[in-house]
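In what follows, a single structure is set out as structure tokens and then discussed.
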Amino acid sequence: MAGEATEVSKALYHYMVANSLREPAPLRALRQEASSMDEANWSVAPEQAQFMALLAEVAGVKRYLELGTFVGYGTLWMALALPPGAEIITCEIEPRFVEVAKRAWQAAGVDAKIDVRMGPAIDTLDALLADGLEESFDLAFIDADKPPYAKYYERCLRLVRPGGLILIDNVFWDGAVLDASDHRGSTRAIRNLNEIMCNDDRVAISTVPLGDGVTVARKHP
């Protein structure tokens, strides 16, 4: 049908990466380290991380909130893109992932920009709101456990400034959102948030088919 996006085959995907990805050595090294882990597929795709970093540069992001650090690959992309004096708050619950992340951030010389908050992401968001940080972030990225996605979104809407961005990862959930027989909590949570955002007049949105699907929302001024 006219107007539909071109289907991205493996060959076309590799062509896209070969002709657009500019991955500095510290990022490449961290991605290679993460690839040996059992949870390797938790890491954001490199072409998606590069896209997010470009968005951050275009939007002039100086304060970035990240839900779900894993080994800090996406965090490192953003830290390299953000200007001196920028601040990143990233939420993680697993110490062994943060150990890997911190080594990589230190090696890249950006660790001073990054503040890791350990514990459930919802607790960190509530603490930020309690500290009076409403509308103080330029960009938030939601990529933590899926069942609370709608709760994360509502809190991030309060924490992001008017005109700021919220990015939601895994909105395709490896295609499971199309499977009517899939009633897993994570699948239902993602479907629910996709529907909420589609009908939410507080934001302008666009879904980009990078990685496992990422929705970009801009909070209306």
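Identifiers for the structure tokens are assigned positionally: chains receive A, B, ... in sequence, residues are indexed from 1 per chain, and ligands are indexed from 1 in the order shown.
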
>> Can you pull out the residues contacting Lys219 (chain A)? Cut-off 8 Å, using only C-alpha atoms, and skip same-chain residues under 6 positions away; I want them as a VMD selection string.
In response: chain A and resid 157 160 to 166 202 to 204

>> Can you tell me which residues surround region 183-186 of chain A at a distance of at most 12 Å, considering only C-alpha atoms, apart from same-chain residues fewer than 3 positions away, and format the answer as number ranges by chain?
In response: A: 144-150, 170-174, 176-180, 189-193

> How would you write, as a ChimeraX atom specification, the set of residues in chain A that DSSP gives as helix (DSSP H, G or I)?
Replying inline: /A:10-20,25-34,40-42,46-59,73-81,95-108,111-113,121-130,149-159,173-178,185-198

> Any idea what's packed within 8 Å of Ile88 (chain A), counting only C-alpha atoms, ignoring anything in its chain fewer than 6 positions away? Could you give it as a list in words?
Replying inline: Arg63, Tyr64, Leu65, Glu66, Ala79, Lys113, Ile114 and Asp115 of chain A

>> DSSP on the backbone, strand (DSSP E or B) only: what residues of region 81-182 of chain A does that give? Format it as a VMD selection string.
In response: chain A and resid 87 to 92 114 to 118 137 to 142 160 to 169

Save out the residues we just selected, N, CA and C atoms, as a short mmCIF file (atom, residue, chain, number, x, y, z; two decimals), in the first residue's frame.
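File produced: selection.cif:
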```cif
data_model
loop_
_atom_site.label_atom_id
_atom_site.label_comp_id
_atom_site.auth_asym_id
_atom_site.auth_seq_id
_atom_site.Cartn_x
_atom_site.Cartn_y
_atom_site.Cartn_z
N GLU A 87 23.34 17.13 33.67
CA GLU A 87 23.10 16.16 34.74
C GLU A 87 22.22 15.02 34.23
N ILE A 88 22.63 13.80 34.54
CA ILE A 88 21.85 12.61 34.23
C ILE A 88 21.52 11.91 35.54
N ILE A 89 20.24 11.64 35.75
CA ILE A 89 19.82 10.78 36.85
C ILE A 89 19.30 9.49 36.23
N THR A 90 19.90 8.38 36.59
CA THR A 90 19.51 7.09 36.02
C THR A 90 19.15 6.12 37.13
N CYS A 91 18.12 5.32 36.92
CA CYS A 91 17.56 4.43 37.94
C CYS A 91 17.87 2.98 37.60
N GLU A 92 18.39 2.25 38.59
CA GLU A 92 18.69 0.83 38.38
C GLU A 92 18.50 0.09 39.70
N ILE A 114 26.83 11.76 35.83
CA ILE A 114 25.83 10.71 36.02
C ILE A 114 25.61 10.41 37.49
N ASP A 115 24.37 10.46 37.90
CA ASP A 115 23.94 10.16 39.28
C ASP A 115 23.05 8.92 39.23
N VAL A 116 23.55 7.80 39.77
CA VAL A 116 22.78 6.55 39.77
C VAL A 116 21.94 6.49 41.03
N ARG A 117 20.64 6.24 40.86
CA ARG A 117 19.74 6.06 41.99
C ARG A 117 19.34 4.58 42.03
N MET A 118 19.79 3.90 43.07
CA MET A 118 19.50 2.48 43.21
C MET A 118 18.13 2.27 43.85
N PHE A 137 13.18 18.49 34.34
CA PHE A 137 13.96 17.70 33.41
C PHE A 137 13.59 18.06 31.97
N ASP A 138 14.59 17.98 31.11
CA ASP A 138 14.36 18.27 29.68
C ASP A 138 13.92 17.03 28.91
N LEU A 139 14.36 15.87 29.37
CA LEU A 139 14.08 14.63 28.65
C LEU A 139 14.04 13.48 29.64
N ALA A 140 13.08 12.58 29.47
CA ALA A 140 13.01 11.35 30.27
C ALA A 140 12.90 10.16 29.33
N PHE A 141 13.56 9.07 29.70
CA PHE A 141 13.54 7.83 28.90
C PHE A 141 13.06 6.70 29.79
N ILE A 142 11.96 6.05 29.38
CA ILE A 142 11.36 4.97 30.16
C ILE A 142 11.72 3.63 29.54
N VAL A 160 9.00 16.32 33.68
CA VAL A 160 9.55 16.94 32.48
C VAL A 160 8.93 18.33 32.30
N ARG A 161 9.74 19.26 31.89
CA ARG A 161 9.28 20.64 31.69
C ARG A 161 8.34 20.73 30.50
N PRO A 162 7.50 21.76 30.44
CA PRO A 162 6.71 22.00 29.23
C PRO A 162 7.63 22.15 28.01
N GLY A 163 7.31 21.47 26.95
CA GLY A 163 8.17 21.45 25.77
C GLY A 163 9.23 20.38 25.81
N GLY A 164 9.37 19.69 26.95
CA GLY A 164 10.35 18.61 27.08
C GLY A 164 9.86 17.32 26.46
N LEU A 165 10.74 16.34 26.44
CA LEU A 165 10.47 15.07 25.75
C LEU A 165 10.41 13.91 26.72
N ILE A 166 9.55 12.94 26.40
CA ILE A 166 9.52 11.65 27.06
C ILE A 166 9.64 10.59 25.98
N LEU A 167 10.59 9.67 26.15
CA LEU A 167 10.78 8.57 25.21
C LEU A 167 10.41 7.26 25.89
N ILE A 168 9.62 6.45 25.21
CA ILE A 168 9.17 5.17 25.75
C ILE A 168 9.76 4.06 24.90
N ASP A 169 10.48 3.14 25.53
CA ASP A 169 11.10 2.04 24.79
C ASP A 169 10.22 0.80 24.80
#
```

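Using only C-alpha atoms, the smallest distance between any of A:Ala107, A:Leu210, A:Met37, A:Ala59 and Pro83 (chain A) comes from A:Ala59.
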
Neighbours of Ser20 (chain A) within 12 Å (only C-alpha atoms; same-chain residues fewer than 3 positions away dropped), as a short mmCIF file (atom, residue, chain, number, x, y, z; two decimals) with N, CA and C atoms, in the first residue's frame?
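Output file selection-v1.cif follows:
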```
data_model
loop_
_atom_site.label_atom_id
_atom_site.label_comp_id
_atom_site.auth_asym_id
_atom_site.auth_seq_id
_atom_site.Cartn_x
_atom_site.Cartn_y
_atom_site.Cartn_z
N TYR A 13 18.79 -3.65 7.30
CA TYR A 13 19.19 -3.17 8.63
C TYR A 13 20.70 -3.00 8.70
N HIS A 14 21.44 -4.01 8.27
CA HIS A 14 22.90 -3.93 8.33
C HIS A 14 23.43 -2.80 7.42
N TYR A 15 22.76 -2.58 6.29
CA TYR A 15 23.13 -1.47 5.42
C TYR A 15 22.92 -0.14 6.15
N MET A 16 21.77 0.00 6.82
CA MET A 16 21.48 1.22 7.56
C MET A 16 22.54 1.48 8.63
N VAL A 17 22.86 0.46 9.40
CA VAL A 17 23.86 0.62 10.47
C VAL A 17 25.22 0.97 9.87
N GLU A 23 29.64 5.12 16.14
CA GLU A 23 29.76 4.64 17.51
C GLU A 23 31.19 4.80 18.00
N PRO A 46 22.09 0.21 19.19
CA PRO A 46 22.99 1.35 18.96
C PRO A 46 22.41 2.44 18.08
N GLU A 47 21.67 2.05 17.03
CA GLU A 47 21.09 3.06 16.16
C GLU A 47 19.99 3.85 16.89
N GLN A 48 19.29 3.20 17.82
CA GLN A 48 18.29 3.91 18.62
C GLN A 48 18.97 4.87 19.60
N GLN A 50 21.83 6.30 19.28
CA GLN A 50 22.36 7.43 18.52
C GLN A 50 21.25 8.42 18.18
N PHE A 51 20.08 7.90 17.81
CA PHE A 51 18.93 8.75 17.51
C PHE A 51 18.53 9.55 18.75
#
```

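Of the listed residues (A:Val8, A:Ala101, A:Gly3, A:Ala53), A:Ala101 comes nearest to Ala34 (chain A); the distances count only C-alpha atoms.
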
>> Report as a count of residues only all protein, DNA and RNA residues lying within 12 Å of Leu128 (chain A), evaluated on only C-alpha atoms, omitting residues in the same chain fewer than 2 positions from it.
In response: 24
